Amino acid sequence: MSFVSVVVPVYQNAGSLADLLARLRAVAAGLPGERFEFVFVDDGSKDDSFAVLRRLAGEDARVRLVKLSRNFGSGPAILAGLTEARGECMVALAADLQDPPELIPQLLEMWRQGRKVVLAARRSRADPLTTRLLAAAFYRLFRRFALPNMPRQGFDFFLLDRTVRDLLAGIQENNAYLMGLILWMGFDPGVIHYDREARPARYGPSMWGLGRRVKHFIDSFTAFSYFPLRAASVLGVVVAVLGVLYAILVVVLRVVHGFPVEGWASIMVAVLLLSGVQMLMIGVLGEYLWRNLEETRRRPRFIVEQVVEGSGPLDEKDARQHQDPAGHRHQADRLAQ
C-alpha cells in the first residue's frame with residue numbers, strides 16, 4: 001500500500017475547490033490499495049479560498065492546508081506543497097480542473113513501473129486563441145534554445161517520487177522555472193498525453209495575466225538559456241561592423257568624390273539606432289544581473305504562515321495511518337534513501 005500526496009496550488013480559486021476535492025475523493029475511492037493526502041497551498045489568495053479550504057478540511061481529514069504569508073507565485077506554491085507533503089510520491093495539479101484528476105491512476109501506474117518522474121503533457125489546450133498563440137511561441141522557443149526535451153505543449157501536471165522531491169527541494173534558486181528544473185534533473189521521465197479542458201466560466205477568469213506570463217517567459221529563459229546574452233553579443237558585433245563599413249564609405253565618398261554629407265538627419269538616424277541597440281543590450285544584461293543579485297541574497301522562496309491539519313472523518317485504512325503517523329514518515333524516509 002502506497003501513500004500518495006496530491007499537491008494543489010491555490011490562488012483565487014474559491015469557486016472550484018469543492019468540485020476539485022470531490023473528484024479527488026472519487027479518484028481515491030477507485031484506488032482502494034492507496035492512501036491519500038490532499039495538500040492545498042493557499043498562495044496569498046484575496047478571496048474566500050482559505051475559508052473554503054478550512055471547511056473542506058473539517059469534512060475530510062486527508063485534507064491538509066498550507067497557507068503562505070503572501071502571494072509568491074505558482075512555482076513556489078507548488079514547491080511549498082511538495083516540501084510539506086508526506087507521501088512516497090507526490091502529484092501536483094492545478095486547482096481550476098483544466099487538468100483532469102482522473103489521470104492520477106495512470107501516473108501512479110507508471111511510477112509503480114519504476115519511473116521516478118511522470119509528466120502529464122498537454123496534447124492540445126482549449127484556451128483562448130491569444131493564450132494558445134503565446135504558449136505555442138513560448139514552448140517553441142524554450143525547446144529550441146533551452147531544454148529540447150520540454151513537451152511541445154508543455155506541462156503543469158506531474159508526479160515525482162519522494163527521492164526526486166528531496167533533490168528538487170535542495171535546489172536553492174529564487175526565480176527558477178519549476179517545470180524546467182524537473183526536466184533538467186533528468187531521470188528519464190515518463191509522459192502521458194491528454195487534452196487540456198477549457199476553464200469553466202463559473203470559476204471566474206484566470207489569474208494568470210499578461211504580466212505574469214511575461215515574467216514567466218523571462219525567468220524561464222534566464223534560468224536555462226544564455227541565448228539572450230549571445231544574441232545581444234551577436235547583434236552588437238553586427239551593428240559595429242556595419243557602423244565601421246558605413247563610416248569608411250562616408251569618408252571615401254567625401255575625400256575621393258567630394259560627395260556632400262548631410263548633417264542632422266543622418267546623425268539622428270545613427271544616434272537613435274545605436275542608442276536603441278545599446279539600451280537593448282543593457283536591458284538583457286540587467287535581467288541576468290538582477291537574477292544573480294536575487295540569488296546572492298539567499299531569501300527563502302516561500303514563507304509558510306501556518307499548516308492546518310484536516311479534522312474530518314477517516315476511512316479505515318486512513319485511520320490506521322493516523323494512529324502512527326511517525327511510523328509512516330520513517331517508512332517513507334527509508335524508501336527515499
# chains A, B, ... in the order shown; residues from 1 in each chain; ligands from 1
>>> select_by_dssp(residues="range 165-230 of chain A", states="strand (DSSP E or B)", output="ChimeraX atom specification")
/A:190-196
>>> closest_residue(among="A:Met1, A:Pro148, A:Tyr194, A:Leu24", to="Ser225 in chain A", atoms="only C-alpha atoms")
A:Pro148
>>> closest_residue(among="A:Val234, A:Val304, A:Arg115, A:Ala126", to="Gly186 in chain A", atoms="only C-alpha atoms")
A:Arg115
>>> residues_around(residues="Pro228 in chain A", least_positions_apart="2", cutoff="12 Å", atoms="only C-alpha atoms", output="ChimeraX atom specification")
/A:141-142,145-146,217-226,230-235,280-288
>>> atom_distance(atom1="CA of Leu82 in chain A", atom2="CA of Arg35 in chain A")
16.6 Å
>>> closest_atom_pairs(of="range 54-170 of chain A", to="range 40-50 of chain A", cutoff="9 Å", atoms="only C-alpha atoms", output="Markdown table")
| residue | atom | partner | partner_atom | distance |
| --- | --- | --- | --- | --- |
| A:Arg54 | CA | A:Phe50 | CA | 6.1 |
| A:Arg55 | CA | A:Phe50 | CA | 8.7 |
| A:Val63 | CA | A:Phe40 | CA | 7.4 |
| A:Arg64 | CA | A:Phe40 | CA | 6.3 |
| A:Leu65 | CA | A:Phe40 | CA | 5.1 |
| A:Val66 | CA | A:Val41 | CA | 4.6 |
| A:Lys67 | CA | A:Asp42 | CA | 4.8 |
| A:Leu68 | CA | A:Asp43 | CA | 5.5 |
| A:Ser69 | CA | A:Gly44 | CA | 6.4 |
| A:Arg70 | CA | A:Gly44 | CA | 4.3 |
| A:Asn71 | CA | A:Gly44 | CA | 4.2 |
| A:Phe72 | CA | A:Asp43 | CA | 6.5 |
| A:Gly73 | CA | A:Asp43 | CA | 6.9 |
| A:Ser74 | CA | A:Asp43 | CA | 7.6 |
| A:Pro76 | CA | A:Asp43 | CA | 8.7 |
| A:Ala77 | CA | A:Asp43 | CA | 6.0 |
| A:Ile78 | CA | A:Val41 | CA | 7.4 |
| A:Ala80 | CA | A:Val41 | CA | 7.4 |
| A:Gly81 | CA | A:Val41 | CA | 6.0 |
| A:Ala95 | CA | A:Phe40 | CA | 8.9 |
>>> residues_around(residues="Glu88 in chain A", least_positions_apart="2", cutoff="7 Å", atoms="only C-alpha atoms", output="MDAnalysis selection string")
chainID A and resid 2:4 86 90 161:162 332
>>> residues_around(residues="Arg23 in chain A", least_positions_apart="5", cutoff="9 Å", atoms="only C-alpha atoms", output="list in words")
Ala18, Ala28, Pro100, Pro101 and Glu102 of chain A
>>> write_last_selection(atoms="C-alpha atoms", output="PDB file, in the first residue's frame")
ATOM      1  CA  ALA A  18     -15.215  21.821  -3.623  1.00  0.00           C
ATOM      2  CA  ALA A  28      -9.007   7.885  -4.213  1.00  0.00           C
ATOM      3  CA  PRO A 100      -8.222  16.149 -15.016  1.00  0.00           C
ATOM      4  CA  PRO A 101      -7.549  14.393 -11.677  1.00  0.00           C
ATOM      5  CA  GLU A 102      -8.756  11.181 -13.307  1.00  0.00           C
TER       6      GLU A 102
END
>>> closest_residue(among="A:Leu181, A:Val239, A:Val39, A:Asp60", to="Ser275 in chain A", atoms="only C-alpha atoms")
A:Val239
>>> select_by_dssp(residues="range 117-307 of chain A", states="helix (DSSP H, G or I)", output="NGL selection string")
:A and (129-145 or 162-169 or 178-185 or 201-203 or 210-224 or 227-257 or 264-297)
>>> atom_distance(atom1="CA of Arg123 in chain A", atom2="CA of Met110 in chain A")
18.4 Å
>>> closest_residue(among="A:Ala135, A:Ile171, A:Leu53, A:Leu178", to="Asp156 in chain A", atoms="only C-alpha atoms")
A:Leu178
>>> residues_around(residues="Ser16 in chain A", least_positions_apart="3", cutoff="9 Å", atoms="only C-alpha atoms", output="VMD selection string")
chain A and resid 13 19 to 21 95 to 97 200 202 to 203
>>> atom_distance(atom1="CA of Leu249 in chain A", atom2="CA of Leu274 in chain A")
17.9 Å
>>> closest_residue(among="A:Gln113, A:Asn175, A:Ser124, A:Gln106", to="Ile192 in chain A", atoms="only C-alpha atoms")
A:Gln106
